[in-house]
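Asks: Sending over structure33.tsv (TSV, C-alpha atoms).
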```tsv
chain	number	residue	atom	x	y	z
A	1	MET	CA	5.61	5.81	8.17
A	2	LYS	CA	3.58	2.63	8.22
A	3	ALA	CA	4.42	-0.83	6.93
A	4	ILE	CA	2.49	-3.86	5.74
A	5	ILE	CA	3.90	-7.27	6.59
A	6	PHE	CA	2.72	-10.40	4.82
A	7	ASP	CA	2.62	-14.01	5.83
A	8	PHE	CA	3.99	-16.15	2.99
A	9	ASP	CA	2.25	-19.51	2.61
A	10	GLY	CA	-1.41	-19.12	1.70
A	11	VAL	CA	-1.11	-15.33	1.48
A	12	LEU	CA	1.58	-14.41	-1.04
A	13	VAL	CA	1.87	-17.88	-2.56
A	14	ASP	CA	-0.58	-20.74	-3.11
A	15	SER	CA	1.46	-23.41	-1.33
A	16	GLU	CA	-1.44	-24.37	0.94
A	17	LYS	CA	-3.01	-26.24	-1.98
A	18	TYR	CA	0.05	-28.53	-2.08
A	19	TRP	CA	0.58	-29.13	1.65
A	20	PRO	CA	-2.10	-31.85	1.92
A	21	ALA	CA	-0.21	-33.88	-0.69
A	22	ILE	CA	3.14	-33.09	0.91
A	23	SER	CA	1.81	-34.03	4.33
A	24	ARG	CA	0.39	-37.32	3.07
A	25	GLU	CA	3.79	-38.20	1.66
A	26	ILE	CA	5.53	-37.20	4.89
A	27	PHE	CA	3.08	-39.06	7.09
A	28	ALA	CA	3.29	-42.18	4.96
A	29	THR	CA	7.05	-42.07	5.50
A	30	ILE	CA	7.00	-41.54	9.26
A	31	ALA	CA	3.79	-43.26	10.38
A	32	HIS	CA	2.52	-45.46	7.53
A	33	ILE	CA	-1.14	-44.52	8.13
A	34	PRO	CA	-3.50	-42.27	6.14
A	35	TRP	CA	-3.42	-38.50	6.60
A	36	THR	CA	-6.83	-36.82	6.73
A	37	GLU	CA	-8.13	-33.30	6.10
A	38	ALA	CA	-8.75	-32.95	9.83
A	39	ASP	CA	-5.09	-33.77	10.46
A	40	GLN	CA	-3.99	-31.22	7.88
A	41	ARG	CA	-6.05	-28.41	9.42
A	42	LYS	CA	-4.03	-28.70	12.61
A	43	MET	CA	-0.86	-27.88	10.68
A	44	VAL	CA	-1.92	-24.71	8.85
A	45	GLY	CA	0.17	-21.77	10.00
A	46	GLN	CA	2.52	-23.94	12.04
A	47	SER	CA	6.29	-23.69	11.90
A	48	MET	CA	8.42	-26.78	11.36
A	49	VAL	CA	8.88	-27.05	15.13
A	50	GLY	CA	5.21	-26.40	15.80
A	51	ALA	CA	4.13	-29.18	13.43
A	52	TYR	CA	6.76	-31.50	14.91
A	53	GLU	CA	5.48	-30.84	18.45
A	54	ILE	CA	1.90	-31.64	17.38
A	55	LEU	CA	3.11	-34.92	15.86
A	56	LEU	CA	5.00	-35.77	19.03
A	57	ARG	CA	2.09	-34.92	21.29
A	58	GLU	CA	-0.85	-36.28	19.32
A	59	TYR	CA	0.51	-38.88	16.93
A	60	GLY	CA	3.26	-40.60	18.88
A	61	LEU	CA	6.08	-39.52	16.56
A	62	THR	CA	9.40	-40.93	17.74
A	63	LEU	CA	11.79	-39.27	15.26
A	64	GLY	CA	14.15	-36.57	16.43
A	65	LEU	CA	13.64	-33.06	15.06
A	66	PRO	CA	16.64	-33.16	12.66
A	67	GLU	CA	15.36	-36.41	11.11
A	68	TYR	CA	11.84	-35.04	10.80
A	69	GLU	CA	13.09	-31.81	9.24
A	70	LYS	CA	15.11	-33.71	6.64
A	71	ILE	CA	12.04	-35.73	5.63
A	72	VAL	CA	9.90	-32.59	5.31
A	73	VAL	CA	12.52	-30.82	3.19
A	74	ASN	CA	12.92	-33.86	0.96
A	75	HIS	CA	9.19	-34.00	0.20
A	76	ALA	CA	8.40	-30.27	0.05
A	77	THR	CA	11.31	-29.00	-2.05
A	78	PHE	CA	9.92	-30.35	-5.33
A	79	TYR	CA	6.62	-28.50	-4.89
A	80	TYR	CA	8.23	-25.20	-3.89
A	81	ASP	CA	10.73	-25.40	-6.74
A	82	THR	CA	8.22	-26.27	-9.47
A	83	HIS	CA	4.56	-25.86	-8.50
A	84	VAL	CA	4.00	-23.05	-6.01
A	85	ALA	CA	2.80	-19.81	-7.65
A	86	THR	CA	1.66	-16.37	-6.51
A	87	MET	CA	-1.84	-16.00	-5.10
A	88	PRO	CA	-4.40	-14.34	-7.39
A	89	ALA	CA	-4.03	-10.56	-7.77
A	90	VAL	CA	-1.17	-10.39	-5.28
A	91	VAL	CA	1.36	-8.82	-7.65
A	92	ALA	CA	-1.04	-6.04	-8.65
A	93	CYS	CA	-1.67	-5.38	-4.95
A	94	LEU	CA	2.06	-5.18	-4.25
A	95	ASP	CA	2.42	-2.73	-7.11
A	96	ARG	CA	-0.34	-0.57	-5.60
A	97	LEU	CA	1.33	-0.66	-2.22
A	98	ARG	CA	4.69	0.29	-3.67
A	99	ALA	CA	3.05	3.18	-5.55
A	100	CYS	CA	1.53	4.35	-2.25
A	101	GLY	CA	5.01	4.46	-0.73
A	102	ALA	CA	4.36	1.66	1.75
A	103	VAL	CA	7.28	-0.36	3.02
A	104	MET	CA	6.71	-4.12	2.95
A	105	GLY	CA	8.08	-7.17	4.67
A	106	ILE	CA	7.48	-10.89	5.01
A	107	ALA	CA	7.06	-12.75	8.30
A	108	SER	CA	6.80	-16.48	7.66
A	109	SER	CA	7.06	-19.46	9.99
A	110	ASN	CA	8.34	-21.52	7.06
A	111	LYS	CA	11.97	-22.41	6.53
A	112	ARG	CA	14.14	-19.62	5.19
A	113	ASP	CA	15.29	-21.56	2.12
A	114	PHE	CA	11.73	-22.22	0.99
A	115	VAL	CA	10.71	-18.58	1.44
A	116	LEU	CA	13.79	-17.01	-0.16
A	117	LYS	CA	14.08	-19.40	-3.10
A	118	THR	CA	10.37	-19.28	-3.91
A	119	ALA	CA	10.18	-15.50	-3.56
A	120	ALA	CA	13.15	-15.15	-5.90
A	121	ARG	CA	11.73	-17.60	-8.45
A	122	LEU	CA	8.43	-15.72	-8.55
A	123	GLY	CA	9.96	-12.24	-8.56
A	124	LEU	CA	8.45	-11.36	-5.18
A	125	ASP	CA	11.75	-10.63	-3.51
A	126	ALA	CA	11.98	-7.26	-5.31
A	127	TYR	CA	9.08	-5.97	-3.19
A	128	PHE	CA	10.43	-6.95	0.20
A	129	PRO	CA	13.58	-5.45	1.72
A	130	VAL	CA	12.95	-7.53	4.85
A	131	ILE	CA	12.11	-11.23	4.81
A	132	CYS	CA	11.92	-13.05	8.15
A	133	SER	CA	11.47	-16.79	8.48
A	134	GLY	CA	11.04	-19.39	11.18
A	135	ASP	CA	14.80	-19.93	11.06
A	136	ASP	CA	15.39	-16.33	12.17
A	137	VAL	CA	13.82	-16.58	15.63
A	138	PRO	CA	14.76	-18.82	18.57
A	139	LEU	CA	13.57	-22.41	18.46
A	140	GLY	CA	9.92	-22.58	19.42
A	141	ARG	CA	9.35	-18.81	19.02
A	142	ALA	CA	7.74	-18.74	15.57
A	143	LYS	CA	3.99	-18.08	15.29
A	144	PRO	CA	1.76	-17.91	17.36
A	145	HIS	CA	4.44	-15.98	19.25
A	146	PRO	CA	4.93	-12.36	18.12
A	147	ASP	CA	8.69	-12.64	17.55
A	148	LEU	CA	8.60	-12.91	13.75
A	149	TYR	CA	6.40	-9.85	13.35
A	150	LEU	CA	8.45	-7.83	15.82
A	151	LEU	CA	11.64	-8.84	13.99
A	152	ALA	CA	10.19	-7.80	10.62
A	153	ALA	CA	8.97	-4.46	11.98
A	154	ASN	CA	12.37	-3.79	13.51
A	155	GLY	CA	14.08	-4.62	10.21
A	156	LEU	CA	11.82	-2.17	8.40
A	157	GLY	CA	12.46	0.50	11.03
A	158	VAL	CA	8.74	0.84	11.81
A	159	ALA	CA	7.06	0.54	15.20
A	160	ALA	CA	4.97	-2.63	15.50
A	161	ALA	CA	1.87	-0.57	16.30
A	162	ALA	CA	2.27	1.18	12.93
A	163	CYS	CA	2.28	-2.10	10.98
A	164	VAL	CA	-0.52	-3.97	9.23
A	165	ALA	CA	-0.19	-7.75	8.97
A	166	VAL	CA	-1.87	-9.97	6.36
A	167	GLU	CA	-2.60	-13.50	7.55
A	168	ASP	CA	-4.59	-16.60	6.65
A	169	SER	CA	-4.56	-18.68	9.84
A	170	PRO	CA	-5.58	-18.36	13.49
A	171	THR	CA	-1.96	-19.01	14.47
A	172	GLY	CA	-0.74	-16.11	12.35
A	173	ILE	CA	-3.49	-13.77	13.50
A	174	THR	CA	-2.59	-14.52	17.12
A	175	ALA	CA	1.05	-13.69	16.37
A	176	ALA	CA	0.23	-10.42	14.62
A	177	LYS	CA	-2.14	-9.24	17.34
A	178	ALA	CA	0.34	-10.22	20.06
A	179	ALA	CA	2.86	-7.99	18.29
A	180	GLY	CA	0.38	-5.10	18.54
A	181	MET	CA	-0.39	-4.91	14.83
A	182	THR	CA	-3.59	-4.38	12.88
A	183	CYS	CA	-4.36	-7.67	11.14
A	184	ILE	CA	-6.06	-8.38	7.83
A	185	ALA	CA	-7.43	-11.91	7.39
A	186	LEU	CA	-7.35	-13.26	3.85
A	187	HIS	CA	-10.18	-15.76	3.40
A	188	THR	CA	-9.52	-18.51	0.85
A	189	GLU	CA	-10.85	-21.95	-0.02
A	190	TYR	CA	-8.09	-23.42	2.14
A	191	ASN	CA	-9.11	-21.74	5.40
A	192	SER	CA	-12.91	-21.56	5.03
A	193	ASP	CA	-13.48	-23.69	8.14
A	194	MET	CA	-11.00	-21.84	10.35
A	195	ASP	CA	-11.80	-19.21	12.95
A	196	LEU	CA	-10.25	-15.99	11.68
A	197	SER	CA	-12.42	-13.75	13.85
A	198	GLY	CA	-9.41	-12.38	15.71
A	199	ALA	CA	-8.45	-10.24	12.71
A	200	ASP	CA	-9.46	-6.58	12.43
A	201	VAL	CA	-10.22	-6.58	8.70
A	202	HIS	CA	-11.45	-9.40	6.46
A	203	ILE	CA	-10.96	-9.76	2.71
A	204	ASP	CA	-11.76	-12.47	0.17
A	205	GLY	CA	-9.02	-11.47	-2.25
A	206	PHE	CA	-6.34	-8.89	-2.88
A	207	GLU	CA	-8.61	-7.04	-5.30
A	208	GLU	CA	-10.35	-5.71	-2.18
A	209	LEU	CA	-7.21	-3.90	-1.06
A	210	THR	CA	-7.89	-0.86	-3.24
A	211	GLU	CA	-5.84	2.32	-3.10
A	212	ALA	CA	-8.56	3.94	-0.98
A	213	ARG	CA	-8.73	1.08	1.49
A	214	LEU	CA	-4.95	0.81	1.69
A	215	GLY	CA	-4.79	4.54	2.30
A	216	LEU	CA	-7.13	4.22	5.27
A	217	LEU	CA	-5.25	1.24	6.71
A	218	LEU	CA	-1.84	2.85	6.33
A	219	ALA	CA	-2.81	6.42	7.29
```
Written as structure tokens, how would this file's structure read?

Replies:
Amino acid sequence: MKAIIFDFDGVLVDSEKYWPAISREIFATIAHIPWTEADQRKMVGQSMVGAYEILLREYGLTLGLPEYEKIVVNHATFYYDTHVATMPAVVACLDRLRACGAVMGIASSNKRDFVLKTAARLGLDAYFPVICSGDDVPLGRAKPHPDLYLLAANGLGVAAAACVAVEDSPTGITAAKAAGMTCIALHTEYNSDMDLSGADVHIDGFEELTEARLGLLLA
């Protein structure tokens, strides 16, 4: 049996379109200076701790992690509760996968509450018996470390080498490959300037994951 494990933000849901606005609000609160597109690119695919460490290292952030996390949650919750939607054609793809008998999981560096609540609101939770988040691995062990993917594979009862991961960031691709998985890179308008060359397969939309192609990947 093989499994397909999805990243969440930017893959299953379109939250990446809202993170620039969220980040500007957060940065205005903690640093009071403008937040640029170049700044935002550094954060794609990062966990809460990963983003916090970048801010400590490169931006001189002086807040403790609990304070920073509270600010992020305060600003992001509104968007996840009201704006974030499924990515184009993703539900039809999930239906095809389920019809093929594939088992599916989620491995996201995001906070568990955001992933679970948003998946439930959008009806995605019905497809995924295993949902792993950044809160489910030790501090500092979310992507690019392989822990999340290994945890998801274990929960599905499938060897990591028999899993296919779907990612949209270099950080996520690194994590999936470190776990020993085949990796599909989903190219979108939000990652067009990122290096996704580490993936094994490249798609521009879920329409490209046809029954025939899925059959080859999951054989």

Asks: For stretch 24-37 of chain A, find every residue with an atom within 7 Å (counting only C-alpha atoms), except residues of its own chain fewer than 4 positions away, and show them as a PyMOL selection string.

Replies: chain A and resi 20+41+71-72+75

Asks: Go ahead and find all residues with at least one atom no further than 12 Å from (4.0, 2.3, -2.2) in the file's coordinates, using all atoms listed in the file; report them as a list in words.

Replies: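 Within the cut-off we find Met1, Lys2, Ala3, Ile4, Ala92, Cys93, Leu94, Asp95, Arg96, Leu97, Arg98, Ala99, Cys100, Gly101, Ala102, Val103, Met104, Tyr127, Phe128, Glu211, Leu214, Gly215 and Leu218 of chain A.
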
Asks: Write out as an MDAnalysis selection string the residues lying within 10 Å of A:Tyr18, counting only C-alpha atoms and excluding same-chain residues fewer than 2 positions away.

Replies: chainID A and resid 14:16 20:23 76 79:80 83:84

Asks: Just checking: using only C-alpha atoms, which residue out of A:Ser169, A:Ser109, A:Ser192, A:Ser197 ends up closest to A:Leu148?

Replies: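 Closest to A:Leu148, using only C-alpha atoms: A:Ser109.
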
Asks: I need the residue nearest A:Asn74 from this list: A:Phe114, A:Asn191, A:Ala199, A:Leu55. Use all atoms listed in the file for the distance.

Replies: A:Phe114

Asks: Around all the atoms of stretch 3-14 of chain A listed in the file, with 8 Å of room on each side, what axis-aligned box do you get, giving centre and edge lengths in Å to one decimal, as AutoDock Vina command-line options?

Replies:
```
--center_x 1.5 --center_y -10.8 --center_z 1.9 --size_x 21.8 --size_y 35.9 --size_z 26.0
```
